[in-house]
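Contents: one structure, followed by commentary.
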Amino acid sequence: QVQLVESGGGLVQAGGSLRLSCVTSGRTISSYAMGWFRQAPGKEREFVSAIRCTDGITGYADSVKGRFTISRDNAKNTVYLQMNSLKPEDTALYYCAADRDAWRRVTVVRTATGYDYWGQGTQVTVSS
């Protein structure tokens, strides 16, 4: 059984940084794409970033491009999201997800329905 566990969330002031981690167990991520999504209260879950673990292809939402960086360590089965220059509008519950069919895709998927496994989320709160 594949399980994803996020960590690294917290409370930070605007302009600050956080690094989220997502550890996967039960299956190696080397053939997967791993994504980060977020959901603020009263809003739909939205794509943040993703990385295909085979070749490192990445994708970012326009709202985080240039501020967030996704990376992976296949040996540790872990994906990271470095978040810099945080804004209050980045406040949300951040979820890690895995796409097991990444090998057959041209690029990373940006919709939640394209992911097969999900973590429980880690809260990020940015104060103004």
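Just remember, in the structure tokens the first chain shown is A, the second B, etc., residues are 1-based per chain, and ligands are 1-based in the order shown.
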Quick one: everything within 12 Å of Thr24 of chain A, counting only C-alpha atoms, minus sequence neighbours fewer than 2 positions away in the same chain. Send it as an MDAnalysis selection string.
-> chainID A and resid 1:7 21:22 26:30 32:34 72:80 96:98 117:119
Can you list every residue in segment 21-96 of chain A that DSSP puts in strand (DSSP E or B), as a ChimeraX atom specification?
-> /A:21-25,33-39,46-52,58-60,68-73,78-83,92-96
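Among the candidates A:Ala92, A:Leu18, A:Leu86, A:Cys53, the residue lying nearest to Ser128 of chain A is A:Leu86 (atoms considered: only C-alpha atoms).
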Could you tell me, as an NGL selection string, which residues of chain A DSSP assigns to helix (DSSP H, G or I) when given the backbone?
-> :A and (74-76 or 88-90 or 102-104 or 112-114)
What would the file look like if the residues just selected were written as a CSV table (one decimal), in the first residue's frame with all heavy atoms?
```csv
chain,number,residue,atom,x,y,z
A,74,ASN,N,15.2,10.4,-5.2
A,74,ASN,CA,14.7,9.1,-5.4
A,74,ASN,C,15.2,8.1,-4.4
A,74,ASN,O,14.4,7.2,-4.0
A,74,ASN,CB,15.0,8.6,-6.8
A,74,ASN,CG,14.1,9.4,-7.9
A,74,ASN,OD1,13.3,10.2,-7.5
A,74,ASN,ND2,14.5,9.2,-9.1
A,75,ALA,N,16.4,8.2,-4.0
A,75,ALA,CA,17.0,7.3,-3.0
A,75,ALA,C,16.3,7.3,-1.7
A,75,ALA,O,16.2,6.3,-1.0
A,75,ALA,CB,18.5,7.6,-2.9
A,76,LYS,N,15.8,8.5,-1.4
A,76,LYS,CA,15.1,8.7,-0.1
A,76,LYS,C,13.5,8.6,-0.3
A,76,LYS,O,12.8,8.8,0.7
A,76,LYS,CB,15.4,10.0,0.6
A,76,LYS,CG,16.9,10.1,1.0
A,76,LYS,CD,17.2,11.5,1.7
A,76,LYS,CE,18.6,11.5,2.1
A,76,LYS,NZ,18.9,12.8,2.8
A,88,PRO,N,0.6,36.0,2.1
A,88,PRO,CA,-0.6,35.5,2.8
A,88,PRO,C,-1.5,34.7,2.0
A,88,PRO,O,-2.1,33.8,2.5
A,88,PRO,CB,-1.2,36.9,3.2
A,88,PRO,CG,-0.1,37.8,3.4
A,88,PRO,CD,0.9,37.5,2.3
A,89,GLU,N,-1.5,35.0,0.7
A,89,GLU,CA,-2.4,34.2,-0.2
A,89,GLU,C,-1.9,32.7,-0.4
A,89,GLU,O,-2.5,31.9,-1.1
A,89,GLU,CB,-2.6,34.9,-1.5
A,89,GLU,CG,-1.4,35.3,-2.2
A,89,GLU,CD,-1.1,36.8,-2.0
A,89,GLU,OE1,-1.2,37.2,-0.8
A,89,GLU,OE2,-0.7,37.5,-2.9
A,90,ASP,N,-0.7,32.4,0.0
A,90,ASP,CA,-0.2,31.1,0.0
A,90,ASP,C,-0.7,30.2,1.1
A,90,ASP,O,-0.4,29.0,1.1
A,90,ASP,CB,1.4,31.1,0.0
A,90,ASP,CG,2.0,31.7,-1.2
A,90,ASP,OD1,1.5,31.5,-2.3
A,90,ASP,OD2,3.0,32.5,-1.0
A,102,ALA,N,2.8,8.3,-14.7
A,102,ALA,CA,3.6,9.4,-15.3
A,102,ALA,C,4.5,8.9,-16.5
A,102,ALA,O,4.8,9.7,-17.4
A,102,ALA,CB,4.5,9.9,-14.2
A,103,TRP,N,4.9,7.6,-16.5
A,103,TRP,CA,5.8,7.2,-17.5
A,103,TRP,C,5.1,7.2,-18.9
A,103,TRP,O,5.8,7.3,-19.9
A,103,TRP,CB,6.2,5.7,-17.2
A,103,TRP,CG,5.0,4.8,-17.2
A,103,TRP,CD1,4.2,4.5,-16.1
A,103,TRP,CD2,4.5,4.0,-18.3
A,103,TRP,NE1,3.2,3.6,-16.4
A,103,TRP,CE2,3.4,3.3,-17.8
A,103,TRP,CE3,4.8,3.9,-19.6
A,103,TRP,CZ2,2.6,2.4,-18.6
A,103,TRP,CZ3,4.1,3.0,-20.4
A,103,TRP,CH2,3.0,2.3,-19.9
A,104,ARG,N,3.8,7.2,-19.0
A,104,ARG,CA,3.1,7.3,-20.3
A,104,ARG,C,2.7,8.7,-20.7
A,104,ARG,O,2.1,8.8,-21.8
A,104,ARG,CB,1.9,6.3,-20.2
A,104,ARG,CG,0.8,6.8,-19.3
A,104,ARG,CD,-0.4,5.9,-19.5
A,104,ARG,NE,-0.2,4.6,-18.9
A,104,ARG,CZ,-1.1,3.6,-19.0
A,104,ARG,NH1,-2.3,3.8,-19.6
A,104,ARG,NH2,-0.9,2.5,-18.5
A,112,ALA,N,-6.0,17.4,-10.2
A,112,ALA,CA,-6.0,16.5,-9.1
A,112,ALA,C,-6.5,15.1,-9.5
A,112,ALA,O,-6.0,14.1,-8.9
A,112,ALA,CB,-6.9,17.1,-8.0
A,113,THR,N,-7.4,15.0,-10.5
A,113,THR,CA,-7.9,13.8,-10.9
A,113,THR,C,-6.8,12.9,-11.5
A,113,THR,O,-7.0,11.7,-11.7
A,113,THR,CB,-9.1,13.9,-11.9
A,113,THR,OG1,-8.6,14.8,-13.0
A,113,THR,CG2,-10.2,14.6,-11.2
A,114,GLY,N,-5.7,13.4,-11.9
A,114,GLY,CA,-4.7,12.6,-12.5
A,114,GLY,C,-3.7,11.9,-11.5
A,114,GLY,O,-2.8,11.2,-12.0
```
From the set A:Gly59, A:Gly66, A:Gly121, A:Arg110, which residue has the shortest atom-to-atom contact distance to Glu46 of chain A, counting only C-alpha atoms?
-> A:Arg110
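The space between atom CA of Tyr60 of chain A and atom CA of Ser17 of chain A spans 17.3 Å.
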Write out as a tab-separated table (two decimals) with N, CA, C and O atoms, in the first residue's frame which residues come within 10 Å of Asn84 of chain A when counting only C-alpha atoms, dropping same-chain ones fewer than 6 positions away.
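out08.tsv, freshly written:
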```
chain	number	residue	atom	x	y	z
A	14	ALA	N	5.06	36.91	6.17
A	14	ALA	CA	5.18	37.20	4.75
A	14	ALA	C	6.63	37.51	4.40
A	14	ALA	O	7.32	38.22	5.15
A	15	GLY	N	7.07	36.96	3.29
A	15	GLY	CA	8.46	37.12	2.88
A	15	GLY	C	9.36	36.01	3.35
A	15	GLY	O	10.51	35.90	2.89
A	16	GLY	N	8.86	35.18	4.23
A	16	GLY	CA	9.65	34.09	4.77
A	16	GLY	C	9.65	32.86	3.88
A	16	GLY	O	9.10	32.87	2.78
A	17	SER	N	10.27	31.80	4.39
A	17	SER	CA	10.44	30.57	3.63
A	17	SER	C	10.05	29.35	4.46
A	17	SER	O	10.16	29.37	5.69
A	18	LEU	N	9.63	28.33	3.77
A	18	LEU	CA	9.39	27.02	4.35
A	18	LEU	C	9.79	25.97	3.33
A	18	LEU	O	9.73	26.21	2.12
A	19	ARG	N	10.17	24.80	3.84
A	19	ARG	CA	10.42	23.66	2.95
A	19	ARG	C	9.53	22.50	3.37
A	19	ARG	O	9.64	22.00	4.49
A	64	VAL	N	3.07	30.65	-8.35
A	64	VAL	CA	4.23	30.31	-7.52
A	64	VAL	C	5.53	30.29	-8.31
A	64	VAL	O	6.60	30.14	-7.71
A	66	GLY	N	8.88	31.04	-9.86
A	66	GLY	CA	9.92	31.96	-9.44
A	66	GLY	C	10.07	32.07	-7.94
A	66	GLY	O	11.07	32.61	-7.44
A	67	ARG	N	9.10	31.55	-7.19
A	67	ARG	CA	9.17	31.58	-5.72
A	67	ARG	C	9.31	30.18	-5.12
A	67	ARG	O	9.97	30.01	-4.09
A	68	PHE	N	8.68	29.20	-5.74
A	68	PHE	CA	8.70	27.83	-5.24
A	68	PHE	C	9.58	26.97	-6.14
A	68	PHE	O	9.64	27.17	-7.36
A	69	THR	N	10.24	25.99	-5.53
A	69	THR	CA	11.06	25.05	-6.28
A	69	THR	C	10.77	23.63	-5.80
A	69	THR	O	10.85	23.36	-4.60
```
Computed gap from atom CA of Val126 of chain A to atom CA of Lys87 of chain A is 6.1 Å
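Residue nearest Pro41 of chain A, chosen from A:Thr122, A:Arg100, A:Val109, A:Thr91 and counting only C-alpha atoms: A:Thr91.
Note that the spacing between atom CA of Lys43 of chain A and atom CA of Thr125 of chain A amounts to 15.3 Å.
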Residue among A:Leu11, A:Ala40, A:Val106, A:Ile51 lying closest to Leu81 of chain A, counting only C-alpha atoms = A:Ile51
